[in-house]
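Have a look at the structure below before the remarks.
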Amino acid sequence: MAKYRKLGRNSGQRKALLRNQVTNLLYNGKIVTTEAKAKEVRKQAEKLITMAVKEKDNFETVTVKAKVARKDKDGKRVSEVVDGKKVTVYDEVEKEVRKDKASRLHARRKMMKVLYPVKELAEDGKKKSAQYVDMVDKMFTEIAPKYEGRNGGYTRIIKIGQRKGDGAMEVLLELV
């Protein structure tokens with residue numbers, strides 16, 4: 001017996017389909033799909049959420065000094081003439097940065113293998129002003145704290161009914 005459902009596709013198509021559906025589930029919170037696909041997506045999504053919950057607080061905050069170009073009121077860099085050359089003026093700024101520990105970094109990289117980058121359109125609806133959403137960061141900051149005290153069972157499958165075209169059982173797969 002197989003350890004996974006083949007879903008009538010070759011391995012590359014199946015992996016791409018599952019990655020896409022897992023990404024959409026975690027981004028939107030719910031998806032409508034067939035029962036067989038939902039059961040496979042559920043496996044992957046639950047593993048990713050478990051990983052995020054375990055590694056949620058595994059980082060350290062570090063203060064870093066950085067040089068940043070000084071800017072005027074119009075947002076242009078300020079430059080001075082030194083020895084006959086134009087030189088940009090830099091200010092030293094202290095920043096607090098989160099530095100992942102080894103196990104969280106490993107978890108982050110494993111998640112990046114599964115999750116596709118998500119492009120979020122701006123309010124004006126133009127593609128040029130679209131922003132990429134960091135799904136891995138969303139996993140650690142939004143999704144993991146929500147399921148902190150829970151031991152598994154992060155998703156729920158609700159049967160909707162049969163699809164009109166081929167009679168396949170459709171379900172709603174959602175995060176609890």
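We name chains A, B, ... following the order of the structure tokens; residues begin at 1 in each chain, and ligands are numbered from 1 as shown.
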Taking only C-alpha atoms into account, produce a table as JSON lines in which each residue of stretch 131-159 of chain A with an atom at most 12 Å from an atom of stretch 112-117 of chain A appears once, together with its shortest atom pair and the distance in Å to one decimal, ordered by chain and rising number.
```
{"residue": "A:Gln131", "atom": "CA", "partner": "A:Pro117", "partner_atom": "CA", "distance": 10.3}
{"residue": "A:Tyr132", "atom": "CA", "partner": "A:Pro117", "partner_atom": "CA", "distance": 6.8}
{"residue": "A:Val133", "atom": "CA", "partner": "A:Pro117", "partner_atom": "CA", "distance": 6.9}
{"residue": "A:Asp134", "atom": "CA", "partner": "A:Pro117", "partner_atom": "CA", "distance": 7.1}
{"residue": "A:Met135", "atom": "CA", "partner": "A:Pro117", "partner_atom": "CA", "distance": 7.0}
{"residue": "A:Val136", "atom": "CA", "partner": "A:Met112", "partner_atom": "CA", "distance": 6.8}
{"residue": "A:Asp137", "atom": "CA", "partner": "A:Met112", "partner_atom": "CA", "distance": 10.3}
{"residue": "A:Lys138", "atom": "CA", "partner": "A:Leu115", "partner_atom": "CA", "distance": 11.3}
{"residue": "A:Met139", "atom": "CA", "partner": "A:Leu115", "partner_atom": "CA", "distance": 10.4}
```
Write a file of the selected residues as a short mmCIF file (atom, residue, chain, number, x, y, z; two decimals), in the first residue's frame, keeping N, CA, C and O atoms.
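That gives us result14.cif:
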```
data_model
loop_
_atom_site.label_atom_id
_atom_site.label_comp_id
_atom_site.auth_asym_id
_atom_site.auth_seq_id
_atom_site.Cartn_x
_atom_site.Cartn_y
_atom_site.Cartn_z
N GLN A 131 3.29 43.54 -3.31
CA GLN A 131 4.31 43.20 -2.33
C GLN A 131 4.33 41.69 -2.11
O GLN A 131 3.28 41.05 -2.13
N TYR A 132 5.51 41.14 -1.87
CA TYR A 132 5.60 39.73 -1.52
C TYR A 132 5.38 39.56 -0.02
O TYR A 132 5.90 40.33 0.77
N VAL A 133 4.60 38.56 0.34
CA VAL A 133 4.34 38.25 1.75
C VAL A 133 5.33 37.18 2.17
O VAL A 133 5.48 36.16 1.48
N ASP A 134 6.01 37.39 3.29
CA ASP A 134 6.94 36.39 3.80
C ASP A 134 6.12 35.35 4.56
O ASP A 134 5.76 35.53 5.71
N MET A 135 5.80 34.24 3.88
CA MET A 135 4.94 33.21 4.47
C MET A 135 5.59 32.54 5.67
O MET A 135 4.92 32.18 6.63
N VAL A 136 6.91 32.37 5.64
CA VAL A 136 7.60 31.72 6.76
C VAL A 136 7.51 32.61 8.00
O VAL A 136 7.23 32.12 9.10
N ASP A 137 7.69 33.91 7.81
CA ASP A 137 7.57 34.83 8.94
C ASP A 137 6.13 34.85 9.45
O ASP A 137 5.90 34.92 10.66
N LYS A 138 5.17 34.77 8.55
CA LYS A 138 3.76 34.72 8.95
C LYS A 138 3.50 33.46 9.79
O LYS A 138 2.74 33.49 10.75
N MET A 139 4.14 32.36 9.41
CA MET A 139 3.99 31.11 10.17
C MET A 139 4.45 31.30 11.61
O MET A 139 3.78 30.89 12.55
#
```
**Asked** Any idea what's packed within 9 Å of A:Glu40, counting only C-alpha atoms, ignoring anything in its chain fewer than 6 positions away? Could you give it as a PyMOL selection string?
**Response** chain A and resi 4-5+18
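With distances taken over only C-alpha atoms, A:Lys47 is the one residue among A:Lys159, A:Lys99, A:Lys71, A:Lys47 lying closest to A:Ala144.
Atom CA of A:Ile158 sits 18.7 Å away from atom CA of A:Tyr27.
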**Message:** I need the residues of stretch 43-129 of chain A that end up classed as strand (DSSP E or B) by DSSP on the backbone, written out as a ChimeraX atom specification.
**Reply:** /A:59-69,71,77,79-82,85-88,90-100,118-120
Could you turn the residues from that selection into a file that holds N, CA and C atoms, as a short mmCIF file (atom, residue, chain, number, x, y, z; two decimals), in the first residue's frame?
```
data_model
loop_
_atom_site.label_atom_id
_atom_site.label_comp_id
_atom_site.auth_asym_id
_atom_site.auth_seq_id
_atom_site.Cartn_x
_atom_site.Cartn_y
_atom_site.Cartn_z
N PHE A 59 14.85 32.28 19.08
CA PHE A 59 15.68 33.30 18.46
C PHE A 59 16.24 34.20 19.55
N GLU A 60 17.23 34.99 19.17
CA GLU A 60 17.77 35.96 20.12
C GLU A 60 17.78 37.33 19.45
N THR A 61 17.58 38.36 20.24
CA THR A 61 17.57 39.72 19.72
C THR A 61 18.96 40.31 19.90
N VAL A 62 19.52 40.81 18.80
CA VAL A 62 20.88 41.34 18.80
C VAL A 62 20.83 42.80 18.37
N THR A 63 21.62 43.65 19.03
CA THR A 63 21.72 45.06 18.63
C THR A 63 22.89 45.19 17.66
N VAL A 64 22.61 45.79 16.50
CA VAL A 64 23.61 45.91 15.44
C VAL A 64 23.76 47.38 15.08
N LYS A 65 25.00 47.81 14.86
CA LYS A 65 25.25 49.16 14.38
C LYS A 65 25.36 49.11 12.86
N ALA A 66 24.68 50.05 12.20
CA ALA A 66 24.70 50.08 10.74
C ALA A 66 24.90 51.51 10.27
N LYS A 67 25.53 51.66 9.10
CA LYS A 67 25.69 52.98 8.50
C LYS A 67 24.57 53.19 7.51
N VAL A 68 23.87 54.32 7.67
CA VAL A 68 22.74 54.64 6.80
C VAL A 68 23.00 56.02 6.20
N ALA A 69 22.74 56.14 4.91
CA ALA A 69 22.95 57.42 4.24
C ALA A 69 21.99 58.47 4.78
N LYS A 71 19.60 61.60 4.63
CA LYS A 71 18.74 62.08 3.54
C LYS A 71 18.14 63.43 3.91
N ARG A 77 19.88 61.63 -1.01
CA ARG A 77 21.08 61.53 -0.19
C ARG A 77 21.81 62.87 -0.09
N SER A 79 25.21 64.92 0.25
CA SER A 79 26.64 64.70 -0.02
C SER A 79 27.43 65.97 0.28
N GLU A 80 28.68 65.76 0.66
CA GLU A 80 29.59 66.86 0.96
C GLU A 80 30.81 66.75 0.04
N VAL A 81 31.50 67.86 -0.14
CA VAL A 81 32.71 67.86 -0.94
C VAL A 81 33.90 67.70 -0.01
N VAL A 82 34.63 66.61 -0.18
CA VAL A 82 35.82 66.34 0.63
C VAL A 82 36.99 66.10 -0.34
N LYS A 85 36.11 65.86 -3.99
CA LYS A 85 35.22 64.78 -4.44
C LYS A 85 33.91 64.85 -3.67
N LYS A 86 32.82 64.48 -4.36
CA LYS A 86 31.53 64.41 -3.67
C LYS A 86 31.45 63.10 -2.91
N VAL A 87 31.15 63.18 -1.63
CA VAL A 87 31.08 62.00 -0.77
C VAL A 87 29.74 62.00 -0.05
N THR A 88 29.08 60.88 -0.03
CA THR A 88 27.81 60.76 0.67
C THR A 88 28.05 60.74 2.18
N TYR A 90 27.13 59.63 5.91
CA TYR A 90 26.49 58.48 6.55
C TYR A 90 26.32 58.73 8.05
N ASP A 91 25.21 58.26 8.60
CA ASP A 91 24.96 58.30 10.03
C ASP A 91 25.03 56.87 10.56
N GLU A 92 25.48 56.74 11.81
CA GLU A 92 25.53 55.41 12.42
C GLU A 92 24.25 55.21 13.23
N VAL A 93 23.56 54.11 12.95
CA VAL A 93 22.27 53.83 13.58
C VAL A 93 22.34 52.47 14.26
N GLU A 94 21.70 52.35 15.42
CA GLU A 94 21.63 51.06 16.10
C GLU A 94 20.26 50.43 15.82
N LYS A 95 20.28 49.17 15.44
CA LYS A 95 19.05 48.44 15.15
C LYS A 95 19.00 47.18 15.99
N GLU A 96 17.78 46.77 16.33
CA GLU A 96 17.60 45.48 16.99
C GLU A 96 17.15 44.48 15.94
N VAL A 97 17.87 43.37 15.83
CA VAL A 97 17.61 42.37 14.80
C VAL A 97 17.37 41.02 15.47
N ARG A 98 16.41 40.27 14.93
CA ARG A 98 16.18 38.90 15.43
C ARG A 98 17.13 37.97 14.72
N LYS A 99 17.88 37.21 15.50
CA LYS A 99 18.82 36.26 14.94
C LYS A 99 18.34 34.86 15.29
N ASP A 100 18.00 34.07 14.25
CA ASP A 100 17.50 32.71 14.47
C ASP A 100 18.60 31.82 15.02
N VAL A 118 4.12 34.38 -1.94
CA VAL A 118 2.78 34.90 -2.18
C VAL A 118 2.88 36.38 -2.49
N LYS A 119 2.27 36.79 -3.60
CA LYS A 119 2.26 38.18 -4.01
C LYS A 119 0.93 38.78 -3.62
N GLU A 120 0.97 39.86 -2.87
CA GLU A 120 -0.25 40.52 -2.42
C GLU A 120 -0.40 41.84 -3.16
#
```
**Request:** Write out as an MDAnalysis selection string all residues of stretch 99-132 of chain A that backbone DSSP assigns to helix (DSSP H, G or I).
**Result:** chainID A and resid 102:114
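Reported to one decimal place, the separation of atom CA of A:Leu26 from atom CA of A:Arg109 is 16.7 Å.
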Which neighbours of A:Val53 fall inside 9 Å, counting only C-alpha atoms, when residues of the same chain fewer than 5 positions from it are skipped, and could you give them as a PDB file with N, CA, C and O atoms, in the first residue's frame?
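The resulting selection-v4.pdb:
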```pdb
ATOM      1  N   LEU A  48       4.020  21.458   9.017  1.00  0.00           N
ATOM      2  CA  LEU A  48       4.608  22.798   8.993  1.00  0.00           C
ATOM      3  C   LEU A  48       4.199  23.612  10.222  1.00  0.00           C
ATOM      4  O   LEU A  48       5.020  24.311  10.819  1.00  0.00           O
ATOM      5  N   MET A 139       4.139  32.356   9.410  1.00  0.00           N
ATOM      6  CA  MET A 139       3.988  31.112  10.166  1.00  0.00           C
ATOM      7  C   MET A 139       4.455  31.301  11.612  1.00  0.00           C
ATOM      8  O   MET A 139       3.783  30.886  12.546  1.00  0.00           O
ATOM      9  N   PHE A 140       5.626  31.942  11.792  1.00  0.00           N
ATOM     10  CA  PHE A 140       6.198  32.112  13.121  1.00  0.00           C
ATOM     11  C   PHE A 140       5.475  33.181  13.939  1.00  0.00           C
ATOM     12  O   PHE A 140       5.331  33.033  15.149  1.00  0.00           O
ATOM     13  N   ILE A 143       0.560  32.443  12.857  1.00  0.00           N
ATOM     14  CA  ILE A 143      -0.082  31.125  12.946  1.00  0.00           C
ATOM     15  C   ILE A 143       0.386  30.353  14.178  1.00  0.00           C
ATOM     16  O   ILE A 143      -0.431  29.797  14.909  1.00  0.00           O
ATOM     17  N   ALA A 144       1.695  30.310  14.445  1.00  0.00           N
ATOM     18  CA  ALA A 144       2.223  29.535  15.568  1.00  0.00           C
ATOM     19  C   ALA A 144       1.697  29.992  16.935  1.00  0.00           C
ATOM     20  O   ALA A 144       1.304  29.143  17.744  1.00  0.00           O
ATOM     21  N   PRO A 145       1.632  31.294  17.238  1.00  0.00           N
ATOM     22  CA  PRO A 145       1.099  31.692  18.546  1.00  0.00           C
ATOM     23  C   PRO A 145      -0.359  31.289  18.744  1.00  0.00           C
ATOM     24  O   PRO A 145      -0.800  31.047  19.865  1.00  0.00           O
ATOM     25  N   LYS A 146      -1.100  31.194  17.657  1.00  0.00           N
ATOM     26  CA  LYS A 146      -2.511  30.818  17.721  1.00  0.00           C
ATOM     27  C   LYS A 146      -2.687  29.373  18.205  1.00  0.00           C
ATOM     28  O   LYS A 146      -3.652  29.051  18.888  1.00  0.00           O
ATOM     29  N   TYR A 147      -1.732  28.493  17.867  1.00  0.00           N
ATOM     30  CA  TYR A 147      -1.835  27.065  18.188  1.00  0.00           C
ATOM     31  C   TYR A 147      -0.843  26.631  19.258  1.00  0.00           C
ATOM     32  O   TYR A 147      -0.520  25.449  19.358  1.00  0.00           O
ATOM     33  N   GLU A 148      -0.351  27.556  20.071  1.00  0.00           N
ATOM     34  CA  GLU A 148       0.726  27.275  21.020  1.00  0.00           C
ATOM     35  C   GLU A 148       0.385  26.158  22.014  1.00  0.00           C
ATOM     36  O   GLU A 148       1.174  25.264  22.229  1.00  0.00           O
TER      37      GLU A 148
END
```
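When only C-alpha atoms are used to compute distances to A:Val32, the closest of the residues A:Val89, A:Val176, A:Met111, A:Met169 turns out to be A:Met169.
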